[in-house]
$ cat upload17.cif   # mmCIF, C-alpha atoms
data_coords
loop_
_atom_site.label_atom_id
_atom_site.label_comp_id
_atom_site.auth_asym_id
_atom_site.auth_seq_id
_atom_site.Cartn_x
_atom_site.Cartn_y
_atom_site.Cartn_z
CA MET A 275 60.35 88.44 69.69
CA THR A 276 61.92 85.01 69.17
CA ASN A 277 58.80 83.77 67.31
CA ILE A 278 58.97 86.53 64.73
CA LYS A 279 61.20 86.26 61.68
CA LYS A 280 64.18 88.61 61.63
CA LEU A 281 63.17 89.91 58.20
CA THR A 282 59.73 90.77 59.57
CA ILE A 283 61.34 92.68 62.45
CA PHE A 284 63.58 94.42 59.91
CA THR A 285 60.50 95.41 57.90
CA LEU A 286 58.84 96.87 60.99
CA LEU A 287 61.99 98.87 61.66
CA LEU A 288 61.99 100.18 58.07
CA LEU A 289 58.36 101.26 58.40
CA ALA A 290 59.11 103.13 61.61
CA MET A 291 62.04 104.79 59.87
CA THR A 292 59.75 106.28 57.20
CA THR A 293 57.67 108.02 59.85
CA SER A 294 60.77 109.43 61.53
CA MET A 295 62.08 110.88 58.26
CA SER A 296 58.72 112.33 57.25
CA ASN A 297 59.86 115.88 57.97
CA VAL A 298 63.54 115.89 58.90
CA ALA A 299 64.81 114.85 55.45
CA ILE A 300 64.12 118.34 54.10
CA VAL A 301 64.71 120.37 57.26
CA THR A 302 68.04 121.82 56.06
CA ALA A 303 66.49 122.77 52.72
CA LEU A 304 64.11 125.25 54.37
CA PRO A 305 66.50 128.23 54.65
CA HIS A 306 67.44 127.66 50.98
CA LEU A 307 63.76 127.44 50.07
CA LYS A 308 63.35 130.87 51.63
CA ASP A 309 66.11 132.21 49.38
CA HIS A 310 64.49 130.66 46.28
CA PHE A 311 61.04 132.20 46.85
CA THR A 312 62.31 135.67 47.80
CA THR A 313 59.34 137.42 46.18
CA VAL A 314 56.78 135.56 48.30
CA GLU A 315 55.57 137.60 51.26
CA ASN A 316 56.04 135.92 54.68
CA ILE A 317 58.19 133.22 53.05
CA GLU A 318 60.00 132.59 56.36
CA PHE A 319 56.71 131.48 57.87
CA TYR A 320 55.68 129.47 54.78
CA SER A 321 59.06 127.72 54.65
CA ARG A 322 58.45 126.43 58.16
CA LEU A 323 54.95 125.33 57.11
CA MET A 324 56.60 123.07 54.52
CA LEU A 325 57.76 121.08 57.51
CA THR A 326 54.49 121.15 59.41
CA ILE A 327 51.71 121.02 56.78
CA PRO A 328 51.97 117.19 56.77
CA SER A 329 51.62 117.32 60.55
CA PHE A 330 48.37 119.32 60.28
CA VAL A 331 46.90 116.83 57.79
CA ILE A 332 47.97 113.91 59.98
CA ALA A 333 46.53 115.54 63.10
CA THR A 334 43.22 116.18 61.32
CA LEU A 335 42.79 112.87 59.50
CA ALA A 336 44.57 110.30 61.70
CA PRO A 337 41.46 109.40 63.78
CA ILE A 338 39.45 108.89 60.56
CA LEU A 339 42.29 106.93 58.96
CA GLY A 340 42.44 104.72 62.04
CA HIS A 341 38.86 103.59 61.38
CA ILE A 342 39.53 103.12 57.63
CA ILE A 343 42.68 101.06 58.25
CA PHE A 344 40.81 98.91 60.76
CA LYS A 345 38.13 98.23 58.13
CA TYR A 346 40.34 97.57 55.09
CA GLY A 347 43.37 95.97 56.76
CA LYS A 348 46.84 97.10 57.72
CA LYS A 349 48.77 95.44 54.91
CA ARG A 350 46.64 96.84 52.09
CA SER A 351 46.71 100.27 53.71
CA VAL A 352 50.48 100.36 54.17
CA VAL A 353 51.18 99.30 50.55
CA ILE A 354 49.08 102.16 49.18
CA ALA A 355 50.59 104.55 51.73
CA LEU A 356 54.17 103.72 50.69
CA ILE A 357 53.40 104.45 47.03
CA VAL A 358 51.77 107.79 47.89
CA PHE A 359 54.66 108.52 50.31
CA SER A 360 57.24 108.22 47.54
CA ILE A 361 55.33 110.09 44.84
CA SER A 362 54.13 113.02 46.95
CA GLY A 363 57.27 113.21 49.09
CA SER A 364 59.59 113.54 46.09
CA ALA A 365 57.34 116.13 44.40
CA GLY A 366 59.71 118.90 45.48
CA LEU A 367 62.09 117.66 42.78
CA TYR A 368 59.94 119.13 40.02
CA LEU A 369 57.04 121.28 41.34
CA GLN A 370 57.55 124.98 40.58
CA THR A 371 55.13 126.93 42.76
CA LEU A 372 55.02 127.25 46.53
CA GLU A 373 51.28 126.50 46.49
CA MET A 374 51.80 123.16 44.73
CA LEU A 375 54.67 122.30 47.06
CA LEU A 376 52.46 122.89 50.08
CA PHE A 377 49.67 120.82 48.47
CA SER A 378 52.07 117.92 47.83
CA ARG A 379 53.12 118.05 51.47
CA ALA A 380 49.47 117.77 52.48
CA ILE A 381 49.01 114.60 50.38
CA PHE A 382 52.29 113.34 51.82
CA GLY A 383 50.82 113.81 55.30
CA ILE A 384 48.01 111.33 54.58
CA ALA A 385 50.58 108.69 53.64
CA VAL A 386 52.70 109.33 56.73
CA ALA A 387 49.65 109.16 59.00
CA THR A 388 48.75 105.75 57.59
CA LEU A 389 52.31 104.47 57.97
CA MET A 390 52.58 105.68 61.55
CA ILE A 391 49.23 104.21 62.63
CA VAL A 392 50.03 100.83 61.09
CA SER A 393 53.61 100.84 62.41
CA THR A 394 52.52 101.66 65.97
CA SER A 395 49.64 99.19 66.07
CA LEU A 396 51.75 96.34 64.60
CA ILE A 397 54.19 96.72 67.50
CA GLY A 398 51.27 96.15 69.84
CA ASP A 399 50.09 93.18 67.74
CA TYR A 400 53.43 91.40 67.46
CA PHE A 401 55.02 91.96 70.89
CA LYS A 402 53.98 91.42 74.49
CA THR A 403 54.70 94.16 77.04
CA GLU A 404 58.27 93.24 78.09
CA HIS A 405 59.44 92.44 74.56
CA ARG A 406 57.59 95.51 73.30
CA HIS A 407 59.69 97.83 75.47
CA LYS A 408 62.91 96.21 74.21
CA PHE A 409 61.79 96.33 70.59
CA MET A 410 60.86 99.99 70.88
CA GLY A 411 64.40 100.70 72.06
CA TYR A 412 65.80 98.88 69.00
CA GLN A 413 63.25 100.65 66.83
CA SER A 414 64.39 104.06 68.02
CA ALA A 415 68.03 103.09 67.46
CA PHE A 416 67.20 102.13 63.88
CA MET A 417 65.19 105.33 63.40
CA ALA A 418 68.22 107.25 64.67
CA LEU A 419 70.45 105.54 62.11
CA GLY A 420 67.96 106.47 59.41
CA GLY A 421 67.76 109.99 60.82
CA VAL A 422 71.54 110.38 60.59
CA VAL A 423 71.59 109.24 56.96
CA PHE A 424 68.59 111.30 55.90
CA VAL A 425 69.37 114.51 57.76
CA ILE A 426 73.06 114.60 56.83
CA GLY A 427 72.24 113.40 53.30
CA GLY A 428 69.51 116.01 53.01
CA GLY A 429 71.90 118.67 54.29
CA VAL A 430 74.60 117.79 51.76
CA LEU A 431 72.05 117.62 48.93
CA SER A 432 70.42 120.92 49.93
CA ASP A 433 73.83 122.63 49.74
CA ILE A 434 74.00 121.53 46.09
CA ASN A 435 70.35 122.30 45.28
CA TRP A 436 67.46 122.61 47.72
CA ARG A 437 65.30 120.37 45.50
CA TYR A 438 67.59 117.33 45.69
CA SER A 439 66.78 116.59 49.34
CA PHE A 440 63.18 115.72 48.32
CA GLY A 441 64.49 112.74 46.33
CA ILE A 442 65.20 110.90 49.60
CA TYR A 443 61.48 110.06 49.89
CA LEU A 444 61.75 107.68 46.92
CA ILE A 445 62.98 105.13 49.46
CA GLY A 446 59.32 104.19 49.94
CA PHE A 447 59.47 102.18 46.71
CA ILE A 448 62.40 100.15 48.10
CA LEU A 449 60.31 99.20 51.14
CA LEU A 450 57.39 97.81 49.10
CA PRO A 451 58.82 94.29 48.50
CA PHE A 452 59.53 93.89 52.22
CA VAL A 453 56.00 94.89 53.20
CA LEU A 454 54.39 92.64 50.56
CA THR A 455 56.32 89.56 51.72
CA GLN A 456 56.79 90.09 55.46
CA ILE A 457 53.77 91.89 56.96
CA LYS A 458 50.84 89.71 58.01
CA GLU A 459 47.53 90.74 59.50
CA VAL A 460 46.83 89.77 63.10
CA ILE A 461 43.32 88.35 63.04
CA VAL A 462 40.95 89.71 65.67
CA ASN A 463 38.77 86.80 66.79
CA ASP A 464 35.86 88.91 67.89
CA ASN A 465 32.62 89.28 65.97
CA THR A 466 31.11 91.80 68.36
CA SER A 467 30.66 95.39 67.35
CA GLU A 468 33.05 97.37 69.50
CA GLU A 469 33.43 101.10 69.17
CA ILE A 470 36.50 102.81 70.53
CA GLU A 471 35.98 104.16 74.02
CA VAL A 472 38.52 106.72 75.13
CA ASP A 473 38.56 107.09 78.91
CA SER A 474 39.90 110.11 80.75
CA ASN A 475 43.29 108.46 81.29
CA MET A 476 43.73 108.03 77.54
CA TYR A 477 42.83 111.68 76.91
CA PHE A 478 45.52 112.61 79.42
CA ILE A 479 48.08 110.52 77.51
CA TYR A 480 47.03 112.18 74.25
CA PHE A 481 47.58 115.60 75.85
CA LEU A 482 51.03 114.60 77.14
CA ALA A 483 51.93 113.33 73.65
CA PHE A 484 50.79 116.65 72.15
CA PHE A 485 52.75 118.69 74.70
CA TYR A 486 55.90 116.60 74.22
CA MET A 487 55.90 117.13 70.46
CA LEU A 488 54.94 120.80 70.76
CA ILE A 489 58.16 121.34 72.73
CA PHE A 490 60.48 118.83 71.05
CA PHE A 491 59.68 119.96 67.50
CA ILE A 492 61.23 123.32 68.31
CA LEU A 493 64.55 121.56 67.64
CA PRO A 494 64.14 120.82 63.88
CA THR A 495 62.02 123.90 63.10
CA GLN A 496 64.27 126.51 64.77
CA ILE A 497 67.82 125.11 65.02
CA PRO A 498 68.58 125.28 61.24
CA PHE A 499 67.65 128.98 61.18
CA LEU A 500 69.76 129.67 64.27
CA LEU A 501 72.79 127.86 62.86
CA ILE A 502 72.60 129.10 59.27
CA GLU A 503 71.48 132.68 59.89
CA LYS A 504 73.24 133.63 63.16
CA PHE A 505 76.27 131.33 63.12
CA ASN A 506 76.67 131.22 59.29
CA ALA A 507 76.83 127.42 59.37
CA SER A 508 76.32 125.27 56.27
CA GLY A 509 73.28 123.10 55.60
CA SER A 510 75.40 119.99 56.09
CA PHE A 511 76.59 121.23 59.51
CA ALA A 512 72.99 121.95 60.54
CA GLY A 513 72.09 118.45 59.35
CA THR A 514 74.91 116.97 61.40
CA ILE A 515 73.72 118.74 64.56
CA ILE A 516 70.15 117.50 64.11
CA ALA A 517 71.43 114.02 63.24
CA LEU A 518 73.32 113.98 66.55
CA ALA A 519 69.99 114.49 68.28
CA PHE A 520 68.72 111.39 66.47
CA VAL A 521 71.66 109.30 67.61
CA SER A 522 71.21 110.28 71.24
CA ASN A 523 67.45 109.81 70.78
CA ALA A 524 68.18 106.11 70.32
CA PHE A 525 70.16 105.99 73.57
CA GLY A 526 67.24 107.67 75.31
CA ALA A 527 64.83 105.05 73.97
CA ILE A 528 67.08 102.19 75.06
CA THR A 529 67.42 103.83 78.47
CA PHE A 530 63.63 103.82 78.80
CA SER A 531 63.48 100.02 78.58
CA LYS A 532 66.09 99.82 81.34
CA ILE A 533 64.48 102.28 83.76
CA LYS A 534 60.84 101.29 83.23
CA ASN A 535 61.05 98.64 85.95
CA LYS A 536 62.10 101.28 88.49
CA PHE A 537 59.90 104.24 87.57
CA SER A 538 56.29 104.85 86.57
CA TYR A 539 55.31 106.22 83.16
CA SER A 540 54.53 109.63 84.70
CA SER A 541 57.88 109.83 86.50
CA ILE A 542 59.79 108.93 83.35
CA TYR A 543 57.89 111.65 81.45
CA LEU A 544 59.10 114.26 83.96
CA ILE A 545 62.67 112.93 83.83
CA GLY A 546 62.68 113.28 80.03
CA LEU A 547 61.17 116.76 80.22
CA PHE A 548 63.86 117.83 82.71
CA ILE A 549 66.63 116.66 80.35
CA ILE A 550 65.04 118.54 77.45
CA ALA A 551 64.85 121.68 79.61
CA ILE A 552 68.61 121.43 80.21
CA GLY A 553 69.17 121.12 76.46
CA PHE A 554 67.04 124.14 75.58
CA ALA A 555 68.65 126.33 78.23
CA GLY A 556 72.04 125.20 76.92
CA VAL A 557 71.22 126.22 73.33
CA GLY A 558 70.24 129.63 74.68
CA LEU A 559 73.73 130.06 76.16
CA VAL A 560 75.81 128.74 73.24
CA ASN A 561 78.30 131.21 71.78
CA ASN A 562 80.29 128.79 69.63
CA THR A 563 78.93 126.40 66.99
CA TYR A 564 80.93 123.48 68.40
CA LEU A 565 78.96 123.69 71.65
CA PHE A 566 75.92 122.46 69.69
CA TYR A 567 77.66 119.08 69.74
CA ILE A 568 76.82 119.04 73.46
CA THR A 569 73.32 120.57 73.53
CA SER A 570 71.95 118.56 70.61
CA PRO A 571 72.62 115.11 72.17
CA ILE A 572 71.05 116.30 75.44
CA LEU A 573 67.85 117.30 73.63
CA GLY A 574 67.80 114.06 71.64
CA PHE A 575 68.37 111.87 74.70
CA GLY A 576 65.49 113.47 76.61
CA GLY A 577 63.25 113.22 73.57
CA GLY A 578 64.06 109.53 73.11
CA ILE A 579 63.03 108.75 76.68
CA MET A 580 59.81 110.76 76.40
CA MET A 581 58.63 109.50 73.01
CA THR A 582 59.25 105.83 73.79
CA ASN A 583 57.65 106.27 77.20
CA ILE A 584 54.48 107.94 75.92
CA THR A 585 54.03 105.38 73.11
CA ALA A 586 54.47 102.45 75.50
CA TRP A 587 52.09 104.13 77.93
CA MET A 588 49.43 104.40 75.23
CA LEU A 589 49.87 100.80 74.02
CA SER A 590 49.62 99.50 77.59
CA LYS A 591 46.11 100.91 77.92
CA THR A 592 44.46 99.51 74.78
CA SER A 593 43.27 96.13 73.51
CA ILE A 594 44.10 94.45 70.20
CA LYS A 595 40.68 95.30 68.78
CA LYS A 596 40.98 98.96 69.67
CA ARG A 597 44.69 99.31 68.91
CA VAL A 598 44.45 100.70 65.36
CA LYS A 599 41.81 103.25 66.33
CA THR A 600 43.62 104.26 69.51
CA SER A 601 46.86 104.61 67.54
CA GLY A 602 44.98 106.90 65.16
CA TYR A 603 44.05 109.30 67.96
CA PHE A 604 47.56 109.06 69.40
CA THR A 605 49.08 109.84 66.00
CA SER A 606 46.75 112.82 65.72
CA ALA A 607 47.95 114.19 69.08
CA ILE A 608 51.63 113.74 68.15
CA PHE A 609 51.35 115.51 64.81
CA LEU A 610 49.03 118.21 66.12
CA GLY A 611 51.95 119.07 68.40
CA GLN A 612 54.31 119.13 65.41
CA PHE A 613 52.04 121.38 63.37
CA SER A 614 51.29 123.71 66.26
CA SER A 615 54.91 124.15 67.34
CA PRO A 616 56.10 126.79 64.82
CA ILE A 617 52.71 128.55 64.84
CA VAL A 618 52.42 128.76 68.64
CA PHE A 619 56.01 129.89 69.10
CA HIS A 620 56.42 132.12 65.99
CA PRO A 621 55.39 135.35 67.80
CA LEU A 622 57.78 134.58 70.66
CA VAL A 623 60.65 133.77 68.27
CA SER A 624 60.04 137.02 66.36
CA HIS A 625 60.02 139.03 69.58
CA LEU A 626 62.98 137.42 71.35
CA SER A 627 65.28 136.14 68.57
CA VAL A 628 65.78 132.40 68.10
CA GLN A 629 68.54 131.92 70.67
CA SER A 630 66.84 133.91 73.44
CA PHE A 631 63.68 131.94 72.67
CA PHE A 632 65.48 128.63 73.36
CA PHE A 633 66.70 129.90 76.73
CA THR A 634 63.22 131.15 77.65
CA ILE A 635 61.63 127.78 76.81
CA GLY A 636 64.26 125.94 78.86
CA ILE A 637 63.65 128.08 81.96
CA SER A 638 59.86 127.82 81.47
CA LEU A 639 60.09 124.00 81.44
CA PHE A 640 62.07 124.05 84.70
CA VAL A 641 59.29 126.15 86.25
CA ILE A 642 56.56 123.78 84.95
CA ILE A 643 58.38 120.71 86.31
CA THR A 644 58.86 122.39 89.69
CA LEU A 645 55.15 123.30 89.91
CA ILE A 646 54.13 119.74 88.99
CA LEU A 647 56.43 118.26 91.66
CA ILE A 648 55.05 120.67 94.28
CA TYR A 649 51.49 119.76 93.26
CA MET A 650 52.27 116.01 93.47
CA LYS A 651 53.84 116.43 96.91
CA ILE A 652 50.89 118.44 98.23
CA LYS A 653 48.43 115.95 96.74
#
$ encode --input "upload17.cif" --output "structure tokens"
Amino acid sequence: MTNIKKLTIFTLLLLAMTTSMSNVAIVTALPHLKDHFTTVENIEFYSRLMLTIPSFVIATLAPILGHIIFKYGKKRSVVIALIVFSISGSAGLYLQTLEMLLFSRAIFGIAVATLMIVSTSLIGDYFKTEHRHKFMGYQSAFMALGGVVFVIGGGVLSDINWRYSFGIYLIGFILLPFVLTQIKEVIVNDNTSEEIEVDSNMYFIYFLAFFYMLIFFILPTQIPFLLIEKFNASGSFAGTIIALAFVSNAFGAITFSKIKNKFSYSSIYLIGLFIIAIGFAGVGLVNNTYLFYITSPILGFGGGIMMTNITAWMLSKTSIKKRVKTSGYFTSAIFLGQFSSPIVFHPLVSHLSVQSFFFTIGISLFVIITLILIYMKIK
């Protein structure tokens, strides 16, 4: 890290921040969106899709985008992506129909996919393994800071008018000068034609990434509805609770870099999953809004460990030539989990109620972890 300019590191942190805020900036606007489009049938479901439509587009197109970015270059790709990010992300400020809003979120997804692929692969390009783990801890801390600002800011703005929270995405234009001056391509000195080869171990990592996000994304897609509808909390309070998860997410990421020398990637994954299980079970037992100040940091801490761990695991198994393409598939798995989360769990939420659903997921994760440990011991 010492050979890289501080402003370049700062630019990489800003890029990572844009991917973290891709959905959460408008999360507290969703219940208000539901109130605005009261005549639309199944609006509760569609309001959640506002959050996950970008994830579907990313999951579908990320592998293709990985090949395109590799061909045309990371810097050129990220400049275009930031422009599209700002224009499509802020479209909620003026678009009138739900259909057009959903379409703008789909376009937004393409931009986010590009930013995430480039951001992830640049970490692999610029940092060796030991420094990479440390940087990823700092990266998550910076993403948490951005998450606090954007979620709380979005919550405050959504209390004034649900449209205002979409204006946060205009930050992409502010990032452009940094990218233009600080990001440089890492030249691959290899003229051979090398296609990406995904071995079984990499497929396993992709599945673990998908499963992690499938579970973790329950937090932003369900917590606002629980807080606002059952506990009559404000949008800004809901934003504060989710922002707390971001803060503790950073501590989880930093913890990963400290415990990696003692534990394997697979062990750390189970540790993170266990912490998340505690958080979910805790949400299921909460009877006072102030107790969310305890459960939210637990969920965020476990998520920070797991996300940093799974990303480092993926980067450790790929070469510089394959890194962009591999990051594309990894990005696809992450966002497929995001998109699938509200769809997979919607029937269960409808049947159980949101709070009972959280408790059920927590207990289910404890059972899964126990079965895995028994299997590993027998094996």
$ closest_atom_pairs --input "upload17.cif" --of "stretch 466-548 of chain A" --to "stretch 410-425 of chain A" --cutoff "12 Å" --atoms "all atoms listed in the file" --output "JSON lines"
{"residue": "A:Pro494", "atom": "CA", "partner": "A:Val425", "partner_atom": "CA", "distance": 10.2}
{"residue": "A:Pro498", "atom": "CA", "partner": "A:Val425", "partner_atom": "CA", "distance": 11.3}
{"residue": "A:Gly509", "atom": "CA", "partner": "A:Val425", "partner_atom": "CA", "distance": 9.7}
{"residue": "A:Ser510", "atom": "CA", "partner": "A:Val425", "partner_atom": "CA", "distance": 8.3}
{"residue": "A:Phe511", "atom": "CA", "partner": "A:Val425", "partner_atom": "CA", "distance": 10.0}
{"residue": "A:Ala512", "atom": "CA", "partner": "A:Val425", "partner_atom": "CA", "distance": 8.7}
{"residue": "A:Gly513", "atom": "CA", "partner": "A:Val425", "partner_atom": "CA", "distance": 5.0}
{"residue": "A:Thr514", "atom": "CA", "partner": "A:Val425", "partner_atom": "CA", "distance": 7.1}
{"residue": "A:Ile515", "atom": "CA", "partner": "A:Val425", "partner_atom": "CA", "distance": 9.1}
{"residue": "A:Ile516", "atom": "CA", "partner": "A:Val425", "partner_atom": "CA", "distance": 7.1}
{"residue": "A:Ala517", "atom": "CA", "partner": "A:Val422", "partner_atom": "CA", "distance": 4.5}
{"residue": "A:Leu518", "atom": "CA", "partner": "A:Val422", "partner_atom": "CA", "distance": 7.2}
{"residue": "A:Ala519", "atom": "CA", "partner": "A:Ala418", "partner_atom": "CA", "distance": 8.3}
{"residue": "A:Phe520", "atom": "CA", "partner": "A:Ala418", "partner_atom": "CA", "distance": 4.5}
{"residue": "A:Val521", "atom": "CA", "partner": "A:Ala418", "partner_atom": "CA", "distance": 5.0}
{"residue": "A:Ser522", "atom": "CA", "partner": "A:Ala418", "partner_atom": "CA", "distance": 7.8}
{"residue": "A:Asn523", "atom": "CA", "partner": "A:Ala418", "partner_atom": "CA", "distance": 6.7}
{"residue": "A:Ala524", "atom": "CA", "partner": "A:Ala415", "partner_atom": "CA", "distance": 4.2}
{"residue": "A:Phe525", "atom": "CA", "partner": "A:Ala415", "partner_atom": "CA", "distance": 7.1}
{"residue": "A:Gly526", "atom": "CA", "partner": "A:Gly411", "partner_atom": "CA", "distance": 8.2}
{"residue": "A:Ala527", "atom": "CA", "partner": "A:Gly411", "partner_atom": "CA", "distance": 4.8}
{"residue": "A:Ile528", "atom": "CA", "partner": "A:Gly411", "partner_atom": "CA", "distance": 4.3}
{"residue": "A:Thr529", "atom": "CA", "partner": "A:Gly411", "partner_atom": "CA", "distance": 7.7}
{"residue": "A:Phe530", "atom": "CA", "partner": "A:Gly411", "partner_atom": "CA", "distance": 7.5}
{"residue": "A:Ser531", "atom": "CA", "partner": "A:Gly411", "partner_atom": "CA", "distance": 6.6}
{"residue": "A:Lys532", "atom": "CA", "partner": "A:Gly411", "partner_atom": "CA", "distance": 9.5}
{"residue": "A:Ile533", "atom": "CA", "partner": "A:Gly411", "partner_atom": "CA", "distance": 11.8}
{"residue": "A:Lys534", "atom": "CA", "partner": "A:Gly411", "partner_atom": "CA", "distance": 11.7}
$ axis_aligned_box --input "upload17.cif" --around "stretch 575-579 of chain A" --padding-each-side "6 Å" --output "AutoDock Vina command-line options"
--center_x 65.7 --center_y 111.1 --center_z 74.9 --size_x 17.3 --size_y 16.7 --size_z 15.6
$ atom_distance --input "upload17.cif" --atom1 "atom CA of A:Met291" --atom2 "atom CA of A:Phe566"
24.5 Å
$ closest_residue --input "upload17.cif" --among "A:Thr302, A:Asn562, A:Asn506, A:Thr293" --to "A:Ser329" --atoms "only C-alpha atoms"
A:Thr293
$ resolve_selection --input "upload17.cif" --expression "the PyMOL selection byres ((chain A and resi 620) around 12)" --output "list in words"
Asn316, Glu318, Phe319, Tyr320, Arg322, Leu323, Ile492, Thr495, Gln496, Phe613, Ser614, Ser615, Pro616, Ile617, Val618, Phe619, Pro621, Leu622, Val623, Ser624, His625, Leu626, Ser627, Val628 and Phe631 of chain A
$ atom_distance --input "upload17.cif" --atom1 "atom CA of A:Tyr480" --atom2 "atom CA of A:Leu288"
25.1 Å
$ residues_around --input "upload17.cif" --residues "A:Gln612" --least-positions-apart "6" --cutoff "10 Å" --atoms "all atoms listed in the file" --output "ChimeraX atom specification"
/A:297,325-330,332-333,484-492,495,606
